[in-house]
Amino acid sequence: MNSEIILKAEGIRKYFGGVAALNDVSFEVRRNEITAIIGPNGAGKTTLINLITGIYPPTSGKIIFEGKTISRLKPFHIAYQGITRTFQNLQVFHNMTVLENVMVGLHTQTESEFLNCLLHLPKVKREERRVAEEGASLLRFFHLESKSDWLSSSLPYGEQKRLEIARALAGKPKLLLLDEPVAGLNIRETEEMAELILKIKKMGITIILVEHDMNLVMGISDKITVLNYGQKISGGTPEEVQKDPKVIQAYLGEE
Amino acid sequence: MGIYEQILQFVLTGLTIGAIYALVALGFNIIHNATGIVNFVQCEFVTLGGMMMYTYYSLLGIPLILSFFLSMATIILLGALIERGPIRAARSKAIIVLVFITIGLSSTIRGTALLAWGPDNVPLPSFSGENVIRILGAAILPQHLWIFGITVGVVIFLQYFFHRTLIGKAMRATAVNRKAASLMGISVNRMVLLSFAMSGGIGAVGGMIIAPITTSSYDTGIMLALKGFSAAILGGYGNNAGAVAGGLILGVLESLGAGLISSKFKNAFAFLILLLVLFFKPTGLLGYGESERV
Amino acid sequence: MAPFTRKKETLFLIIFALAIILIPLFVKNKYHFMVMNIVGLNTIVVIGLNLLIGFTGQISLGHAAFYGMGAYLSAIFTATFGFPPWPTIVLAMIITGMVAYFVGYPSLKLKGHYLVMATLGFSIIVHIFMVELDRITGGPSGFPGIPHLSIGAFVFDNDFKNFYLIWTFVFFCILVSVNLVNSRVGRALKAIHGSEVAANTLGIDTDKYKTKVFVLSAVFASLAGSLYAHYITFISPRSFDFYYSIQAVTMVIVGGMGSVWGAFFGAGLLTVLSEFLHVAEKYNIIAYGAILTLVLVFLPEGIVVGFYNFYRRRKIKSMIEKRGGEFRV
């Protein structure tokens, strides 16, 4: 079954002070699939995620999301287009409670601005109630509801990872980017995370997954893109990629 | 004196004060590159340079050259103590907290200086006499030559240090990427310590060589340091070549502005330039220096 | 959690309002009123500044300038040009806000702490103008003869009357700030402090929010400045120098970054302390510097928030231990 293309990268290059982090990378992501991006350390995986979410613009090339070029947009514009993400090194808001973290995730779903908030108009009250309820129900989904009042920094690592996904999901994304969601988790937690990711997919959300854990990647991905030294060296279904001699070489090194 | 001689005069005095700004800007850069913070104690490094020199030379009667190096050593020690003490002891390493700590230290030291030396300006003798030297109709003092000479010396030394010595290269590596540097076996803590000591020394030199011209007091450092910071931004924050260029340009612009437009607003010029640069060319003339990528 | 916070904040606000109404009944000393009024004015500045520093994580060392702009704009427009005082306060707030926008926007767009230097540079320029434009500002010797505020025939012409005037404004400033921090915008500001990059990827226009909260904090300072001018009726550049900015910042830090009530506490504690130190003004700089450094090194959350967190940790700990769990910090 071939579903429609939701995100397309064309000839992406990114240079950092003359060093190419990505060199002419093109790939596609299909709606409601899990697309994994894999590759050895320094292959440019996180750079690619940063480009898609607008952290920095590509040196050249184009990223198209649902028919719209997004490669020059700021991160917050991209969030409004329906793309959210998690971070490899956790970026949970440590100065806020667990519930507040998720409520920030609902930013794109709400609209009260400075003046309304200062005066706490009835509209703001209604919105606040809605945000608190939606946040609480998300926390239930992620089994964090009993800790909603905790400062997020006091959560164990695995729960912070879940919280970050909950926060990203709160913005009702069409495309969710997960940067190493199971790094640092134990085997049981990793299995739970795999289930969680599949559940999110069932909700109709397209996922891009950057991950080193090959069992996870091969187990849940529909498509895989392989990067090495900033270049795409292979792509396809997990079976195709596993058989590709170039991939084997990249991972095992040359003789 | 004709208009051209006047302009030449303004340019020359501007370059002198600009050299001081450049030294201060270098001090800001070195700590910024090592830690990412704006170090407000830089103001006090400059002040104390002048005041220690005054103490050693005028009050204690120690020979000039010895006083010079003694003062420098004192401020280097102070810089190191600040890093070893409050900065390292801070329970939170958030940038905003560290910046505020330097603001607090700066006030404390300034207040202490006020108690120690009083509010009045104190004079320092020139390094080699007061005989006016004439250049194309403009007049300069031997001290101006000292300022140029010593600034050039410091810049050459830093250039050599950062590009030719192992430890200097290690400091640059730390600025580019702390994590990678520490994985390569560089002690980031020691680099930070060194950066505080070095900017202490450079700031002190700036304070000492300008004092014979402007006199020195417990708060001379503030203005000089803030303008030095403006110079750093003008040149491109973190960029050492930019710091020197920014300092000299700022000095000359300020001197011309004060001489040709109005001396009342002399101190406002530098900050006006700072605001304009931030508005129109925030990367400065020569671009940012080495800094970590996100 | 939000409704609960709301209830607690409402309770605090009611107690606070009652205290404002009742305190003057027990105070007879004119000097004590004066100190309390200065506390009130500082509280307004510090609440605004705390929204910027404590909640959003941006540093300004230029709030003396915005405070001074409020004072001088009110003084010049009312005493020199005969404008009516109340609309002039609003006008001063608008002008100060616009100026803050032009200072803040370019520096807040940049990564790193450019704002601190831009604001510092700006405040030095403003101070130079106060001193040098002597035909308009009265120069270093100050600007006398500013009219008192009045409502109809009722003139706020003594410390007691000004107490109610100033603290009414304090109350409303605290009210709107509490509203703001417990809202979508407040959460966005805290998110910027927590991680600017993450905040941005969640749809928060970080540049816009930082600029707006900076402008808001400048407007608060301008309001306090206007009230100060009409209360004391005489202003001079000395009240708005670099040291005032340091004082305001220290009040924010001591009260606790990110706490509206902490701002009130910080302003109160340090204003009273300043009054004690008044006999030996030269110790003022050291005292502020030392307090700032010590609090930051050992209690970076500030005194109020620090102790509150300590208390909260104890409470959570005892809760967990009751359930037989283990507590890790």
# chains A, B, ... in the order shown; residues from 1 in each chain; ligands from 1

call {"tool": "residues_around", "arguments": {"residues": "Val154 in chain B", "least_positions_apart": "5", "cutoff": "10 Å", "atoms": "only C-alpha atoms", "output": "VMD selection string"}}
result
chain B and resid 23 26 148 to 149 159 to 160 202 205

call {"tool": "write_last_selection", "arguments": {"atoms": "C-alpha atoms", "output": "tab-separated table (two decimals), in the first residue's frame"}}
result
chain	number	residue	atom	x	y	z
B	23	LEU	CA	42.32	45.51	25.72
B	26	LEU	CA	39.83	41.16	24.65
B	148	PHE	CA	50.28	51.80	21.70
B	149	GLY	CA	53.40	49.80	22.34
B	159	GLN	CA	47.94	35.85	19.00
B	160	TYR	CA	51.00	33.71	19.71
B	202	ILE	CA	44.82	42.22	30.50
B	205	VAL	CA	47.30	46.45	32.05

call {"tool": "closest_atom_pairs", "arguments": {"of": "chain A", "to": "chain B", "cutoff": "10 Å", "atoms": "only C-alpha atoms", "output": "tab-separated table"}}
result
residue	atom	partner	partner_atom	distance
A:Phe16	CA	B:Arg293	CA	8.2
A:Gly17	CA	B:Glu290	CA	9.9
A:Thr47	CA	B:Val294	CA	9.6
A:Asn50	CA	B:Val294	CA	9.3
A:Ile55	CA	B:Val294	CA	8.5
A:Tyr56	CA	B:Val294	CA	9.0

call {"tool": "interface_residues", "arguments": {"of": "chain C", "to": "chain A", "cutoff": "6 Å", "atoms": "only C-alpha atoms", "output": "VMD selection string"}}
result
chain C and resid 176 179 to 180 194 200 to 205

call {"tool": "write_last_selection", "arguments": {"atoms": "C-alpha atoms", "output": "tab-separated table (two decimals), in the first residue's frame"}}
result
chain	number	residue	atom	x	y	z
C	176	VAL	CA	-2.33	41.51	36.78
C	179	ASN	CA	-3.00	36.67	36.24
C	180	LEU	CA	-0.26	36.75	33.68
C	194	GLY	CA	13.57	26.59	30.77
C	200	ASN	CA	10.22	27.69	20.03
C	201	THR	CA	9.53	24.21	18.63
C	202	LEU	CA	6.27	24.13	20.58
C	203	GLY	CA	4.95	27.13	18.70
C	204	ILE	CA	6.08	29.95	20.98
C	205	ASP	CA	7.35	33.00	19.11

call {"tool": "closest_atom_pairs", "arguments": {"of": "chain C", "to": "chain B", "cutoff": "7 Å", "atoms": "only C-alpha atoms", "output": "tab-separated table"}}
result
residue	atom	partner	partner_atom	distance
C:Gly57	CA	B:Ile96	CA	6.9
C:Pro106	CA	B:Phe279	CA	5.1
C:Ser107	CA	B:Leu278	CA	6.0
C:Ala118	CA	B:Leu275	CA	6.3
C:Gly121	CA	B:Phe271	CA	5.0
C:Phe122	CA	B:Phe271	CA	6.7
C:Ile125	CA	B:Ala268	CA	5.0
C:Ile128	CA	B:Ala268	CA	6.9
C:Glu132	CA	B:Lys264	CA	6.7
C:Tyr283	CA	B:Gly111	CA	6.8
C:Ile285	CA	B:Gly111	CA	5.1
C:Ile286	CA	B:Thr108	CA	4.3
C:Gly289	CA	B:Gly104	CA	4.1
C:Ala290	CA	B:Thr108	CA	5.7
C:Leu292	CA	B:Gly104	CA	5.1
C:Thr293	CA	B:Gly104	CA	4.9
C:Leu296	CA	B:Ile101	CA	6.4
C:Val297	CA	B:Ala90	CA	4.1
C:Phe298	CA	B:Arg91	CA	6.0
C:Pro300	CA	B:Ser92	CA	6.3

call {"tool": "write_last_selection", "arguments": {"atoms": "N, CA and C atoms", "output": "PDB file, in the first residue's frame"}}
result
ATOM      1  N   GLY C  57      13.943  34.771  32.173  1.00  0.00           N
ATOM      2  CA  GLY C  57      15.373  34.489  32.145  1.00  0.00           C
ATOM      3  C   GLY C  57      16.193  35.483  31.337  1.00  0.00           C
ATOM      4  N   PRO C 106      15.997  44.544  19.088  1.00  0.00           N
ATOM      5  CA  PRO C 106      17.212  44.072  18.401  1.00  0.00           C
ATOM      6  C   PRO C 106      18.088  43.184  19.276  1.00  0.00           C
ATOM      7  N   SER C 107      18.189  43.489  20.571  1.00  0.00           N
ATOM      8  CA  SER C 107      19.097  42.677  21.397  1.00  0.00           C
ATOM      9  C   SER C 107      18.471  41.357  21.804  1.00  0.00           C
ATOM     10  N   ALA C 118      22.909  46.170  26.301  1.00  0.00           N
ATOM     11  CA  ALA C 118      22.129  47.184  25.590  1.00  0.00           C
ATOM     12  C   ALA C 118      21.375  48.045  26.598  1.00  0.00           C
ATOM     13  N   GLY C 121      23.885  50.245  28.540  1.00  0.00           N
ATOM     14  CA  GLY C 121      24.308  51.363  27.687  1.00  0.00           C
ATOM     15  C   GLY C 121      23.199  52.390  27.567  1.00  0.00           C
ATOM     16  N   PHE C 122      21.982  51.900  27.340  1.00  0.00           N
ATOM     17  CA  PHE C 122      20.839  52.797  27.211  1.00  0.00           C
ATOM     18  C   PHE C 122      20.646  53.626  28.483  1.00  0.00           C
ATOM     19  N   ILE C 125      23.060  56.424  28.675  1.00  0.00           N
ATOM     20  CA  ILE C 125      22.679  57.524  27.783  1.00  0.00           C
ATOM     21  C   ILE C 125      21.580  58.369  28.421  1.00  0.00           C
ATOM     22  N   ILE C 128      22.906  60.516  31.166  1.00  0.00           N
ATOM     23  CA  ILE C 128      23.656  61.663  30.638  1.00  0.00           C
ATOM     24  C   ILE C 128      22.682  62.749  30.177  1.00  0.00           C
ATOM     25  N   GLU C 132      22.669  66.502  31.356  1.00  0.00           N
ATOM     26  CA  GLU C 132      23.169  67.520  30.427  1.00  0.00           C
ATOM     27  C   GLU C 132      22.080  68.392  29.799  1.00  0.00           C
ATOM     28  N   TYR C 283      28.498  52.257  52.486  1.00  0.00           N
ATOM     29  CA  TYR C 283      28.427  50.800  52.614  1.00  0.00           C
ATOM     30  C   TYR C 283      27.346  50.188  51.732  1.00  0.00           C
ATOM     31  N   ILE C 285      26.833  50.169  48.468  1.00  0.00           N
ATOM     32  CA  ILE C 285      27.266  49.412  47.293  1.00  0.00           C
ATOM     33  C   ILE C 285      27.759  48.039  47.704  1.00  0.00           C
ATOM     34  N   ILE C 286      28.579  48.005  48.754  1.00  0.00           N
ATOM     35  CA  ILE C 286      29.123  46.729  49.204  1.00  0.00           C
ATOM     36  C   ILE C 286      27.987  45.824  49.649  1.00  0.00           C
ATOM     37  N   GLY C 289      26.049  44.449  46.717  1.00  0.00           N
ATOM     38  CA  GLY C 289      26.889  43.504  45.986  1.00  0.00           C
ATOM     39  C   GLY C 289      27.046  42.205  46.738  1.00  0.00           C
ATOM     40  N   ALA C 290      27.325  42.318  48.023  1.00  0.00           N
ATOM     41  CA  ALA C 290      27.568  41.115  48.820  1.00  0.00           C
ATOM     42  C   ALA C 290      26.298  40.280  48.948  1.00  0.00           C
ATOM     43  N   LEU C 292      23.782  40.209  46.887  1.00  0.00           N
ATOM     44  CA  LEU C 292      23.528  39.619  45.569  1.00  0.00           C
ATOM     45  C   LEU C 292      24.393  38.382  45.371  1.00  0.00           C
ATOM     46  N   THR C 293      25.691  38.525  45.647  1.00  0.00           N
ATOM     47  CA  THR C 293      26.614  37.411  45.421  1.00  0.00           C
ATOM     48  C   THR C 293      26.277  36.233  46.327  1.00  0.00           C
ATOM     49  N   LEU C 296      23.059  34.392  45.482  1.00  0.00           N
ATOM     50  CA  LEU C 296      23.154  33.642  44.234  1.00  0.00           C
ATOM     51  C   LEU C 296      24.026  32.411  44.365  1.00  0.00           C
ATOM     52  N   VAL C 297      25.111  32.534  45.132  1.00  0.00           N
ATOM     53  CA  VAL C 297      26.012  31.396  45.248  1.00  0.00           C
ATOM     54  C   VAL C 297      25.345  30.284  46.055  1.00  0.00           C
ATOM     55  N   PHE C 298      24.694  30.666  47.155  1.00  0.00           N
ATOM     56  CA  PHE C 298      24.221  29.630  48.063  1.00  0.00           C
ATOM     57  C   PHE C 298      22.726  29.330  47.949  1.00  0.00           C
ATOM     58  N   PRO C 300      20.364  30.066  44.984  1.00  0.00           N
ATOM     59  CA  PRO C 300      20.064  30.727  43.706  1.00  0.00           C
ATOM     60  C   PRO C 300      18.572  30.900  43.446  1.00  0.00           C
TER      61      PRO C 300
END

call {"tool": "select_by_dssp", "arguments": {"residues": "range 133-195 of chain A", "states": "helix (DSSP H, G or I)", "output": "ChimeraX atom specification"}}
result
/A:133-141,145-147,152-154,157-170,187-195

call {"tool": "write_last_selection", "arguments": {"atoms": "N, CA, C and O atoms", "output": "compact mmCIF listing (two decimals), in the first residue's frame"}}
result
# COMPACT_ATOMS: atom_id res chain seq x y z
N GLU A 133 -7.69 20.47 31.52
CA GLU A 133 -8.32 19.17 31.31
C GLU A 133 -7.59 18.36 30.26
O GLU A 133 -7.30 17.18 30.46
N GLU A 134 -7.30 19.00 29.13
CA GLU A 134 -6.60 18.27 28.07
C GLU A 134 -5.23 17.80 28.53
O GLU A 134 -4.81 16.69 28.21
N GLY A 135 -4.55 18.66 29.29
CA GLY A 135 -3.24 18.28 29.81
C GLY A 135 -3.36 17.08 30.72
O GLY A 135 -2.59 16.12 30.61
N ALA A 136 -4.36 17.11 31.60
CA ALA A 136 -4.53 15.99 32.53
C ALA A 136 -4.82 14.70 31.78
O ALA A 136 -4.30 13.63 32.12
N SER A 137 -5.63 14.79 30.72
CA SER A 137 -5.97 13.55 30.03
C SER A 137 -4.76 13.01 29.27
O SER A 137 -4.55 11.81 29.18
N LEU A 138 -3.92 13.91 28.77
CA LEU A 138 -2.67 13.45 28.14
C LEU A 138 -1.77 12.75 29.16
O LEU A 138 -1.16 11.73 28.87
N LEU A 139 -1.70 13.34 30.36
CA LEU A 139 -0.87 12.73 31.40
C LEU A 139 -1.39 11.33 31.76
O LEU A 139 -0.62 10.43 32.03
N ARG A 140 -2.71 11.18 31.74
CA ARG A 140 -3.26 9.85 32.01
C ARG A 140 -2.79 8.87 30.93
O ARG A 140 -2.35 7.77 31.23
N PHE A 141 -2.85 9.30 29.70
CA PHE A 141 -2.42 8.45 28.59
C PHE A 141 -0.97 8.01 28.77
O PHE A 141 -0.58 6.92 28.43
N GLU A 145 -0.21 10.85 35.51
CA GLU A 145 -1.19 11.72 36.15
C GLU A 145 -0.95 11.86 37.66
O GLU A 145 -1.22 12.89 38.24
N SER A 146 -0.38 10.80 38.30
CA SER A 146 -0.20 10.89 39.75
C SER A 146 0.90 11.89 40.11
O SER A 146 1.04 12.29 41.25
N LYS A 147 1.70 12.28 39.12
CA LYS A 147 2.81 13.18 39.42
C LYS A 147 2.62 14.55 38.77
O LYS A 147 3.58 15.30 38.59
N SER A 152 9.09 19.03 37.13
CA SER A 152 9.46 18.00 36.16
C SER A 152 10.89 17.51 36.38
O SER A 152 11.23 16.39 36.03
N SER A 153 11.73 18.36 37.01
CA SER A 153 13.12 17.94 37.23
C SER A 153 13.21 16.80 38.25
O SER A 153 14.21 16.10 38.31
N SER A 154 12.14 16.61 39.06
CA SER A 154 12.23 15.54 40.06
C SER A 154 11.74 14.19 39.52
O SER A 154 11.75 13.20 40.24
N TYR A 157 14.45 9.69 34.93
CA TYR A 157 14.82 9.95 33.53
C TYR A 157 13.80 9.40 32.54
O TYR A 157 13.35 10.10 31.63
N GLY A 158 13.41 8.14 32.74
CA GLY A 158 12.48 7.51 31.80
C GLY A 158 11.17 8.26 31.72
O GLY A 158 10.60 8.42 30.64
N GLU A 159 10.70 8.75 32.86
CA GLU A 159 9.44 9.49 32.86
C GLU A 159 9.59 10.87 32.23
O GLU A 159 8.66 11.39 31.63
N GLN A 160 10.79 11.46 32.37
CA GLN A 160 11.02 12.74 31.69
C GLN A 160 10.94 12.54 30.18
O GLN A 160 10.43 13.39 29.45
N LYS A 161 11.47 11.41 29.71
CA LYS A 161 11.40 11.13 28.27
C LYS A 161 9.95 11.03 27.83
O LYS A 161 9.57 11.55 26.77
N ARG A 162 9.14 10.34 28.64
CA ARG A 162 7.72 10.23 28.29
C ARG A 162 7.04 11.59 28.33
O ARG A 162 6.23 11.91 27.47
N LEU A 163 7.40 12.37 29.34
CA LEU A 163 6.80 13.70 29.47
C LEU A 163 7.08 14.53 28.22
O LEU A 163 6.22 15.25 27.73
N GLU A 164 8.31 14.40 27.72
CA GLU A 164 8.65 15.21 26.55
C GLU A 164 7.81 14.81 25.35
O GLU A 164 7.39 15.67 24.55
N ILE A 165 7.54 13.52 25.22
CA ILE A 165 6.68 13.08 24.12
C ILE A 165 5.26 13.58 24.34
O ILE A 165 4.60 14.05 23.41
N ALA A 166 4.79 13.50 25.58
CA ALA A 166 3.45 13.99 25.89
C ALA A 166 3.32 15.47 25.51
O ALA A 166 2.34 15.89 24.91
N ARG A 167 4.37 16.23 25.84
CA ARG A 167 4.36 17.66 25.53
C ARG A 167 4.29 17.89 24.03
O ARG A 167 3.56 18.76 23.55
N ALA A 168 5.08 17.10 23.28
CA ALA A 168 5.09 17.26 21.83
C ALA A 168 3.74 16.87 21.24
O ALA A 168 3.27 17.48 20.28
N LEU A 169 3.11 15.87 21.82
CA LEU A 169 1.84 15.37 21.32
C LEU A 169 0.70 16.35 21.62
O LEU A 169 -0.30 16.38 20.92
N ALA A 170 0.87 17.13 22.67
CA ALA A 170 -0.18 18.08 23.06
C ALA A 170 -0.49 19.06 21.95
O ALA A 170 -1.62 19.53 21.83
N ILE A 187 15.68 -2.26 29.27
CA ILE A 187 14.97 -3.08 28.29
C ILE A 187 13.45 -3.00 28.45
O ILE A 187 12.73 -2.82 27.48
N ARG A 188 13.01 -3.03 29.71
CA ARG A 188 11.57 -2.97 29.93
C ARG A 188 11.00 -1.62 29.46
O ARG A 188 9.99 -1.57 28.76
N GLU A 189 11.69 -0.57 29.86
CA GLU A 189 11.23 0.77 29.46
C GLU A 189 11.23 0.91 27.93
O GLU A 189 10.36 1.56 27.36
N THR A 190 12.25 0.29 27.30
CA THR A 190 12.33 0.37 25.85
C THR A 190 11.14 -0.31 25.20
O THR A 190 10.54 0.21 24.24
N GLU A 191 10.77 -1.46 25.74
CA GLU A 191 9.59 -2.16 25.19
C GLU A 191 8.33 -1.32 25.35
O GLU A 191 7.52 -1.21 24.44
N GLU A 192 8.20 -0.70 26.55
CA GLU A 192 7.04 0.16 26.76
C GLU A 192 7.01 1.31 25.76
O GLU A 192 5.97 1.68 25.24
N MET A 193 8.22 1.86 25.53
CA MET A 193 8.30 2.98 24.60
C MET A 193 7.89 2.55 23.20
O MET A 193 7.19 3.28 22.49
N ALA A 194 8.33 1.35 22.79
CA ALA A 194 7.97 0.84 21.47
C ALA A 194 6.45 0.75 21.34
O ALA A 194 5.85 1.19 20.34
N GLU A 195 5.82 0.23 22.38
CA GLU A 195 4.36 0.13 22.37
C GLU A 195 3.72 1.50 22.25
O GLU A 195 2.78 1.72 21.49

call {"tool": "closest_residue", "arguments": {"among": "C:Tyr101, C:Asn29, C:Ile59, C:Ile47", "to": "Leu175 in chain C", "atoms": "only C-alpha atoms"}}
result
C:Ile47

call {"tool": "select_by_dssp", "arguments": {"residues": "range 48-174 of chain B", "states": "strand (DSSP E)", "output": "MDAnalysis selection string"}}
result
chainID B and resid 133:135 138:140

call {"tool": "write_last_selection", "arguments": {"atoms": "C-alpha atoms", "output": "PDB file, in the first residue's frame"}}
result
ATOM      1  CA  ILE B 133      55.939  64.943  20.787  1.00  0.00           C
ATOM      2  CA  ARG B 134      54.769  66.686  17.596  1.00  0.00           C
ATOM      3  CA  ILE B 135      53.485  64.622  14.672  1.00  0.00           C
ATOM      4  CA  ALA B 138      49.307  67.154  16.315  1.00  0.00           C
ATOM      5  CA  ALA B 139      50.711  66.771  19.809  1.00  0.00           C
ATOM      6  CA  ILE B 140      50.979  63.545  21.733  1.00  0.00           C
TER       7      ILE B 140
END

call {"tool": "residues_around", "arguments": {"residues": "Arg13 in chain A", "least_positions_apart": "4", "cutoff": "8 Å", "atoms": "only C-alpha atoms", "output": "NGL selection string"}}
result
:A and (20-25 or 58-61)

call {"tool": "residues_around", "arguments": {"residues": "Thr56 in chain C", "least_positions_apart": "3", "cutoff": "8 Å", "atoms": "only C-alpha atoms", "output": "VMD selection string"}}
result
chain C and resid 51 to 53 189 to 193 210

call {"tool": "write_last_selection", "arguments": {"atoms": "C-alpha atoms", "output": "PDB file, in the first residue's frame"}}
result
ATOM      1  CA  LEU C  51       8.550  38.996  34.994  1.00  0.00           C
ATOM      2  CA  LEU C  52      11.551  39.619  32.761  1.00  0.00           C
ATOM      3  CA  ILE C  53      14.368  38.149  34.850  1.00  0.00           C
ATOM      4  CA  LEU C 189       7.600  32.886  29.389  1.00  0.00           C
ATOM      5  CA  LYS C 190       8.667  30.207  31.872  1.00  0.00           C
ATOM      6  CA  ALA C 191       9.195  27.816  28.984  1.00  0.00           C
ATOM      7  CA  ILE C 192      11.566  30.329  27.372  1.00  0.00           C
ATOM      8  CA  HIS C 193      13.527  30.396  30.611  1.00  0.00           C
ATOM      9  CA  LYS C 210      10.689  38.255  25.211  1.00  0.00           C
TER      10      LYS C 210
END

call {"tool": "residues_around", "arguments": {"residues": "Ile94 in chain C", "least_positions_apart": "6", "cutoff": "12 Å", "atoms": "only C-alpha atoms", "output": "list in words"}}
result
Phe66, Met69, Gly70, Leu73, Ser74, Pro87, Thr88, Ala100, Tyr101, Val215, Leu216, Ala218, Val219, Phe220, Ala221, Ser222 and Leu223 of chain C

call {"tool": "write_last_selection", "arguments": {"atoms": "N, CA, C and O atoms", "output": "compact mmCIF listing (two decimals), in the first residue's frame"}}
result
# COMPACT_ATOMS: atom_id res chain seq x y z
N PHE C 66 14.12 53.39 32.78
CA PHE C 66 12.67 53.41 32.53
C PHE C 66 11.93 54.05 33.71
O PHE C 66 10.95 54.78 33.53
N MET C 69 12.55 57.63 33.23
CA MET C 69 11.78 58.20 32.13
C MET C 69 10.36 58.52 32.58
O MET C 69 9.81 59.57 32.24
N GLY C 70 9.77 57.58 33.34
CA GLY C 70 8.43 57.84 33.86
C GLY C 70 8.41 59.11 34.69
O GLY C 70 7.57 59.98 34.51
N LEU C 73 9.30 62.31 32.42
CA LEU C 73 8.24 62.64 31.46
C LEU C 73 7.05 63.24 32.20
O LEU C 73 6.50 64.26 31.77
N SER C 74 6.67 62.65 33.32
CA SER C 74 5.57 63.20 34.11
C SER C 74 5.90 64.60 34.59
O SER C 74 5.08 65.52 34.48
N PRO C 87 -3.59 61.64 32.66
CA PRO C 87 -3.32 61.21 31.28
C PRO C 87 -1.81 61.20 30.98
O PRO C 87 -1.35 60.38 30.19
N THR C 88 -1.06 62.09 31.65
CA THR C 88 0.37 62.15 31.40
C THR C 88 1.07 60.87 31.86
O THR C 88 2.01 60.40 31.22
N ALA C 100 11.40 51.24 25.02
CA ALA C 100 11.85 49.91 25.44
C ALA C 100 11.81 48.94 24.28
O ALA C 100 12.71 48.11 24.10
N TYR C 101 10.78 49.06 23.46
CA TYR C 101 10.68 48.18 22.30
C TYR C 101 11.89 48.32 21.39
O TYR C 101 12.50 47.34 20.97
N VAL C 215 8.99 45.05 27.34
CA VAL C 215 8.23 46.30 27.26
C VAL C 215 7.29 46.43 28.47
O VAL C 215 7.23 47.48 29.10
N LEU C 216 6.63 45.34 28.80
CA LEU C 216 5.72 45.38 29.97
C LEU C 216 6.47 45.78 31.23
O LEU C 216 6.01 46.61 32.01
N ALA C 218 9.17 47.50 31.46
CA ALA C 218 9.55 48.92 31.37
C ALA C 218 8.35 49.81 31.69
O ALA C 218 8.50 50.85 32.34
N VAL C 219 7.17 49.39 31.25
CA VAL C 219 5.96 50.18 31.50
C VAL C 219 5.66 50.22 33.01
O VAL C 219 5.30 51.26 33.55
N PHE C 220 5.84 49.08 33.67
CA PHE C 220 5.68 49.05 35.13
C PHE C 220 6.62 50.07 35.78
O PHE C 220 6.23 50.83 36.66
N ALA C 221 7.88 50.04 35.35
CA ALA C 221 8.87 50.95 35.94
C ALA C 221 8.49 52.40 35.68
O ALA C 221 8.62 53.25 36.56
N SER C 222 7.98 52.67 34.48
CA SER C 222 7.57 54.03 34.15
C SER C 222 6.44 54.49 35.06
O SER C 222 6.45 55.62 35.57
N LEU C 223 5.47 53.61 35.29
CA LEU C 223 4.36 53.94 36.19
C LEU C 223 4.89 54.29 37.58
O LEU C 223 4.52 55.32 38.16

call {"tool": "residues_around", "arguments": {"residues": "Ser216 in chain B", "least_positions_apart": "2", "cutoff": "8 Å", "atoms": "only C-alpha atoms", "output": "list in words"}}
result
Thr47, Gly50, Met51, Asn121, Val122, Pro123, Leu124, Ala211, Pro212, Thr214, Tyr218 and Thr220 of chain B

call {"tool": "residues_around", "arguments": {"residues": "Gly235 in chain B", "least_positions_apart": "4", "cutoff": "7 Å", "atoms": "only C-alpha atoms", "output": "NGL selection string"}}
result
:B and (231 or 242-243 or 245-246 or 284-286)

call {"tool": "atom_distance", "arguments": {"atom1": "CA of Leu49 in chain C", "atom2": "CA of Thr78 in chain C"}}
result
26.8 Å

call {"tool": "closest_residue", "arguments": {"among": "B:Gly236, B:Gly201, B:Gly185, B:Gly257", "to": "Gly27 in chain B", "atoms": "only C-alpha atoms"}}
result
B:Gly201

call {"tool": "closest_residue", "arguments": {"among": "B:Ser262, B:Ile75, B:Asn240, B:Ile17", "to": "His163 in chain B", "atoms": "only C-alpha atoms"}}
result
B:Asn240
